[in-house]
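Enquirer: Take this structure, written in structure tokens, and hold onto it; I'll ask about it next.
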Amino acid sequence: MFEKSLTDLIQGLRANKRNETVYIQKSLEEIQSEVHSSDMYVKSAAIDKLNYLHMFGYDMNWANFNVVEVMAAQRFGEKRSGYLAAAQSFHQETDVLMLTTNLIRKDLASANDMEVGVALDGLAQIATPELSMDLFDDALAVLGHSRPYIRKKAFMCLHKMVLKYPEGLHAFVPRLKEHLDDPDPSVVSAAVTVICELAHTNPRNYMPLAPKLYHLLNTLSNNWILIKIVKLFASLASIEPRLAKKIHSPLSQLVCTTTAMSLLYECIHTAIVADVISIPIPIVDSIGREVEFAELCTRKLALLYETPDQNVRCVGLVALALMQQKRPDLASMHFEPVLEFLDDPDQTIRMRALEAVSGMVTRKTLAKTVKLLMSQLILSNTISLQPGGHAGPMAGPGSAGPEAASMLDTPFVDSAGTTLTSASGTIITPRKASAALSDPADNPEYRLNVVEAIIDMCSRNSYGNLSNFEWYVATLVDLVYVAGVDVGKLLSAKLLDVTVRVRQVREFGIKMARGLLSDNRLMGHIASNAPQAAVVTTAAYILGEYCTLLPASADDIGLLLPKNLSQFAPDQQAVLVQAAIKVFTYWLQDISEYWNADVWDVVRSVLASTLDRLSYLLYSEDANSTAAGSPSGVDGTFASLPLQLSSRLRHFVEVIKAISVSTSNLDDSAPRVCHELHFLFTAYELNPVSAAAQGKVPVPEGLDLDSFIGDMIPDTTLAVIPPPSPRHTASGATGRSRGRDPHRNKDDPFYLGSNASAARGIGEFPDVDDIPVVALDLSHADPIQAKKSTDKRDKKKKKSKKDNLGTDSRSKRHRKRKEKTPSPSPPRIPVEIAGDEDMPDIGSEEAPQLQKNSVSDADRVPSGNNSETGIVGKTESGNAGKGDGDSTG
């Protein structure tokens, strides 16, 4: 009678803020004793308190059985507490769920509407595949309840059950169609909601409901039901294109008359997704003009993104981006107002506006849009570095990049976009760098989208929006400095693509590449900022491939072999070294035209300095001191380098050594190798090739691309050795030996297989007729060893006779007759054993076994033994075989 209620527990928690844990532990002890009370009121109050503590993170699974007891209470208030606790704490693996089947079935059939409603709510939360299968018919019967309140809850519960028990859809879909004509709007709304949710998985199952839904679309005035029906038609129209023409009239009427922004967005979105806007049926707008449905939707989109509600503005920009994909000519009229949203403080609005603007850009608006986006990438403490003094998108006419002194003090944006690092290593805190990013432009995700949008706008439709390719190359170079995110691979790919494909921009591209390589601050920053390494590698490739478009310079060799070359990846180092070879040979060819003593001194100096740099890379530290002082020959310990890089370095060294030998003495004219070496790289021009170019080449007549070139490669997969047949099993020891020896020799490491054995497949036995009969000369055999072998055979013979005592007399007579009639000995044919491919070597251990097993036990006689070969032989007098069938063994 002194138990605390839920209200007392809450008041006690508020009063014991300092000792809250102690108070909760004491309350849990009280609850553990109260749940075992026989009074259902006390037990229900204890479950209420435990359910409240469960929201604080305390476990209540220990009271699952007590929760089931409260669910079965007679009073509705107590029953509701049990269902609430079950919905809060039960899960799919709760073991007491099997006890709730009958009590839920009883509550679903109750005459009390409140009990039916709470049972539907609880079942929707704790439904498992087993419960859904057992109670599906009971819940389906509740759809015929007289109260709309119960029918609405039944639809929601059945939706959760069919997700666990999909087989119930066959009985559930006809009831859904039936209740679309329900007199109560809330039941119709529940049925449409369930259909809309289920149609996301498989819209085709609900196509028979289209006539009913179309009738509701034309007759209902409830905006929320109309929104669901319009969304449902968007799913159905994707599998039935004829629906687009059918819903054209009701959608256009809703777009013209509705004032609800949410319904207007769904109608426009469905018209775009279902391609209703492409149907050439004119409609009359509010002022009496006949316009296309697409034009009407585009005008209405302005109402969405101009509203002060940020959520409606966001979905309006999303719909505008979709409209731009279908009708870019109509969406382009919104370019100027949408461009202003790129400065919106809401990052989501900026992202949606960027997506819409990037599709609306034309050749006239490209420069303006890129300039605005580039200005967002530059933080307060950074500037757009323009190497080589070129005029980038952010520079005015005649502007130049920063001087070398100021460039070293200029901070550089790292990959996070919030911390600035100068070349000297000083960390500079930017204006808006803090724990919470206040400016959307400081967000790395937004910066990445901006860079991708700039590149996409410029390169779309094979550079269809570009009129000045030099401006585009300058923009790519500026992005290297101000991007602030990992876009090195993307920038390098686009820089290489435009330089290779557009001949007119190659000379300017080489100047930009040389500017990147000559930027000491950028090259020194590569060690800590890897994304720029890909761009530098591409710049090196461009400089090496098209170096003939600019005057030759020995300084370019040093740019391609920087001191921090080892900071690059091995494949990137290989590209730099290969480009250095091309630039070196081009410079050598150019300077050879002015050959004299001064030129000879310059050539020898460049050879020595270049070889020193190569030696630093090619050889280990122990050999660097020795290799550095030898301009004409290098000796040292090779460093552990990848093959691709090592081969290029060695080729370069060999080229320098060859030139050093040819220029060792001053002659009147330059050596021939200085003039002709560069032609190795310029014999053929490198032209761009489309990825689908090979598919356009016709196949010559008579050429079969599917046939094998030459002989087919034999199958070398291991086959399973088949079991011996009964014929081989009954043939005695001789047959078993013949079938076993080849496979045993295969696994013997001391046995050398012959070509004939290799030609046979695994599991194939040699033909008995192909095995030659060999006569051995055993005149020098050891009689003592032969006597020991004879004794062993006698013991085996006696043991074999004892084992055969139980056989029938017919078998004994047959064996005796066979022993009395020995087969004649085969003639002695001299055979060259060394060249035999099917017999084992004489000196191997397999030979005596093969020879010994080829003779029957009954035909063995004492014979000599060859002490040198270890072979037990046969006498010349006979007993060499068992008969005609075995004489070949």
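Letters A, B, ... mark the chains of the structure tokens in the order given; residue numbers begin at 1 per chain; ligand numbers begin at 1, in order shown.
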Set the distance at 7 Å and use only C-alpha atoms: which residues neighbour range 321-326 of chain A once local chain neighbours fewer than 4 positions away are removed? I'd like the list as an NGL selection string.

Expert: :A and (272 or 317 or 331 or 355-356 or 359-360)

Enquirer: Just checking: using only C-alpha atoms, which residue out of A:Thr298, A:Ala63, A:Val482, A:Asn468 ends up closest to Leu448 in chain A?

Expert: A:Val482

Enquirer: Just the residues within 9 Å of Ser186 in chain A, please, counting only C-alpha atoms, with nothing from its chain fewer than 5 positions along; format it as an MDAnalysis selection string.

Expert: chainID A and resid 148:149 152 191

Enquirer: Thr585 in chain A: which residues within 8 Å, counting only C-alpha atoms, same-chain residues fewer than 2 positions away excluded, as an MDAnalysis selection string?

Expert: chainID A and resid 581:583 587:589 674 677:678

Enquirer: Fewer than 6 positions away in the same chain doesn't count, so skip those; otherwise give me all residues within 9 Å of range 336-348 of chain A, counting only C-alpha atoms, as a list in words.

Expert: Tyr305, Glu306, Gln310, Cys314, Leu317, Leu354, Ala356, Val357, Thr369, Leu372, Leu373, Gln376, Ser438, Asp439, Pro440, Ala441, Asn443 and Tyr446 of chain A

Enquirer: Considering only helix (DSSP H, G or I) as DSSP defines it on the backbone, what residues of range 146-259 of chain A qualify? List them as a VMD selection string.

Expert: chain A and resid 148 to 164 166 to 181 185 to 198 203 to 219 223 to 236 242 to 246 248 to 257

Enquirer: Skipping near chain neighbours, those fewer than 4 positions away, what residues fall within 9 Å of Leu649 in chain A using only C-alpha atoms, listed as a list in words?

Expert: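 These residues fall inside the cut-off: Ala574, Val577, Gln578, Leu614, Ser615, Leu617, Leu618, Gln644, Leu645, Val653 and Glu654 of chain A.
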
Enquirer: Excluding Glu30 in chain A and any residue of its chain fewer than 5 positions from it, enumerate the residues within 12 Å of it, using only C-alpha atoms, and give them as a PyMOL selection string.

Expert: chain A and resi 2-5+9+23-25+35-37+42-43+45-47+49-50

Enquirer: Let me see the file: selected residues, N, CA, C and O atoms, as a PDB file, in the first residue's frame.

Expert:
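Result file follows (out-v7.pdb):
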ATOM      1  N   PHE A   2       2.184   1.119   0.198  1.00  0.00           N
ATOM      2  CA  PHE A   2       3.073   2.273   0.217  1.00  0.00           C
ATOM      3  C   PHE A   2       3.974   2.302  -1.021  1.00  0.00           C
ATOM      4  O   PHE A   2       5.031   2.903  -1.003  1.00  0.00           O
ATOM      5  N   GLU A   3       3.577   1.617  -2.122  1.00  0.00           N
ATOM      6  CA  GLU A   3       4.390   1.616  -3.329  1.00  0.00           C
ATOM      7  C   GLU A   3       4.361   2.998  -3.976  1.00  0.00           C
ATOM      8  O   GLU A   3       3.353   3.721  -3.931  1.00  0.00           O
ATOM      9  N   LYS A   4       5.506   3.327  -4.613  1.00  0.00           N
ATOM     10  CA  LYS A   4       5.603   4.604  -5.304  1.00  0.00           C
ATOM     11  C   LYS A   4       5.027   4.472  -6.710  1.00  0.00           C
ATOM     12  O   LYS A   4       5.230   3.473  -7.386  1.00  0.00           O
ATOM     13  N   SER A   5       4.337   5.505  -7.132  1.00  0.00           N
ATOM     14  CA  SER A   5       3.798   5.544  -8.480  1.00  0.00           C
ATOM     15  C   SER A   5       4.835   6.141  -9.431  1.00  0.00           C
ATOM     16  O   SER A   5       5.932   6.545  -9.019  1.00  0.00           O
ATOM     17  N   LEU A   9       8.179   8.523  -8.739  1.00  0.00           N
ATOM     18  CA  LEU A   9       9.524   8.243  -9.252  1.00  0.00           C
ATOM     19  C   LEU A   9      10.108   9.463  -9.960  1.00  0.00           C
ATOM     20  O   LEU A   9      11.276   9.813  -9.757  1.00  0.00           O
ATOM     21  N   TYR A  23      19.677   6.714  -6.230  1.00  0.00           N
ATOM     22  CA  TYR A  23      18.217   6.683  -6.162  1.00  0.00           C
ATOM     23  C   TYR A  23      17.644   5.717  -7.192  1.00  0.00           C
ATOM     24  O   TYR A  23      16.690   4.981  -6.895  1.00  0.00           O
ATOM     25  N   ILE A  24      18.208   5.692  -8.399  1.00  0.00           N
ATOM     26  CA  ILE A  24      17.697   4.786  -9.434  1.00  0.00           C
ATOM     27  C   ILE A  24      17.949   3.332  -9.059  1.00  0.00           C
ATOM     28  O   ILE A  24      17.084   2.461  -9.262  1.00  0.00           O
ATOM     29  N   GLN A  25      19.116   3.049  -8.492  1.00  0.00           N
ATOM     30  CA  GLN A  25      19.394   1.678  -8.082  1.00  0.00           C
ATOM     31  C   GLN A  25      18.440   1.220  -6.989  1.00  0.00           C
ATOM     32  O   GLN A  25      17.961   0.073  -7.001  1.00  0.00           O
ATOM     33  N   VAL A  35       7.237  -6.364  -9.385  1.00  0.00           N
ATOM     34  CA  VAL A  35       6.761  -7.067 -10.580  1.00  0.00           C
ATOM     35  C   VAL A  35       6.336  -8.498 -10.256  1.00  0.00           C
ATOM     36  O   VAL A  35       5.644  -9.120 -11.072  1.00  0.00           O
ATOM     37  N   HIS A  36       6.719  -9.002  -9.126  1.00  0.00           N
ATOM     38  CA  HIS A  36       6.295 -10.345  -8.733  1.00  0.00           C
ATOM     39  C   HIS A  36       5.067 -10.320  -7.847  1.00  0.00           C
ATOM     40  O   HIS A  36       4.670 -11.359  -7.291  1.00  0.00           O
ATOM     41  N   SER A  37       4.476  -9.181  -7.684  1.00  0.00           N
ATOM     42  CA  SER A  37       3.288  -9.069  -6.839  1.00  0.00           C
ATOM     43  C   SER A  37       2.102  -9.721  -7.531  1.00  0.00           C
ATOM     44  O   SER A  37       2.000  -9.745  -8.763  1.00  0.00           O
ATOM     45  N   VAL A  42      -0.327  -3.181  -8.892  1.00  0.00           N
ATOM     46  CA  VAL A  42       1.054  -2.941  -8.458  1.00  0.00           C
ATOM     47  C   VAL A  42       2.030  -3.358  -9.554  1.00  0.00           C
ATOM     48  O   VAL A  42       3.012  -2.663  -9.854  1.00  0.00           O
ATOM     49  N   LYS A  43       1.766  -4.485 -10.167  1.00  0.00           N
ATOM     50  CA  LYS A  43       2.651  -4.962 -11.226  1.00  0.00           C
ATOM     51  C   LYS A  43       2.637  -4.001 -12.419  1.00  0.00           C
ATOM     52  O   LYS A  43       3.683  -3.718 -13.027  1.00  0.00           O
ATOM     53  N   ALA A  45       2.003  -0.757 -12.328  1.00  0.00           N
ATOM     54  CA  ALA A  45       2.717   0.464 -11.947  1.00  0.00           C
ATOM     55  C   ALA A  45       4.231   0.240 -11.985  1.00  0.00           C
ATOM     56  O   ALA A  45       5.002   1.126 -12.383  1.00  0.00           O
ATOM     57  N   ALA A  46       4.675  -0.963 -11.577  1.00  0.00           N
ATOM     58  CA  ALA A  46       6.104  -1.277 -11.626  1.00  0.00           C
ATOM     59  C   ALA A  46       6.607  -1.307 -13.076  1.00  0.00           C
ATOM     60  O   ALA A  46       7.713  -0.832 -13.378  1.00  0.00           O
ATOM     61  N   ILE A  47       5.799  -1.842 -14.003  1.00  0.00           N
ATOM     62  CA  ILE A  47       6.193  -1.865 -15.420  1.00  0.00           C
ATOM     63  C   ILE A  47       6.263  -0.446 -15.981  1.00  0.00           C
ATOM     64  O   ILE A  47       7.141  -0.122 -16.792  1.00  0.00           O
ATOM     65  N   LYS A  49       7.075   2.279 -14.302  1.00  0.00           N
ATOM     66  CA  LYS A  49       8.318   2.866 -13.795  1.00  0.00           C
ATOM     67  C   LYS A  49       9.535   2.269 -14.500  1.00  0.00           C
ATOM     68  O   LYS A  49      10.489   2.991 -14.843  1.00  0.00           O
ATOM     69  N   LEU A  50       9.510   0.978 -14.733  1.00  0.00           N
ATOM     70  CA  LEU A  50      10.632   0.334 -15.416  1.00  0.00           C
ATOM     71  C   LEU A  50      10.745   0.815 -16.862  1.00  0.00           C
ATOM     72  O   LEU A  50      11.852   1.011 -17.383  1.00  0.00           O
TER      73      LEU A  50
END

Enquirer: Against range 125-145 of chain A, which residues of range 56-97 of chain A fall within 8 Å? For each one I want the closest pair of atoms and the distance in Å (one decimal), counting only C-alpha atoms, rows by chain and increasing residue number, as a tab-separated table.

Expert:
residue	atom	partner	partner_atom	distance
A:Ala86	CA	A:Ile126	CA	7.3
A:Ala87	CA	A:Gln125	CA	5.5
A:Phe90	CA	A:Ile126	CA	6.5
A:His91	CA	A:Ile126	CA	6.5
A:Gln92	CA	A:Thr128	CA	6.1

Enquirer: Between CA of Phe652 in chain A and CA of Arg613 in chain A, what is the distance in Å, rounded to a tenth?

Expert: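 Interatomic distance, CA of Phe652 in chain A to CA of Arg613 in chain A: 11.1 Å.
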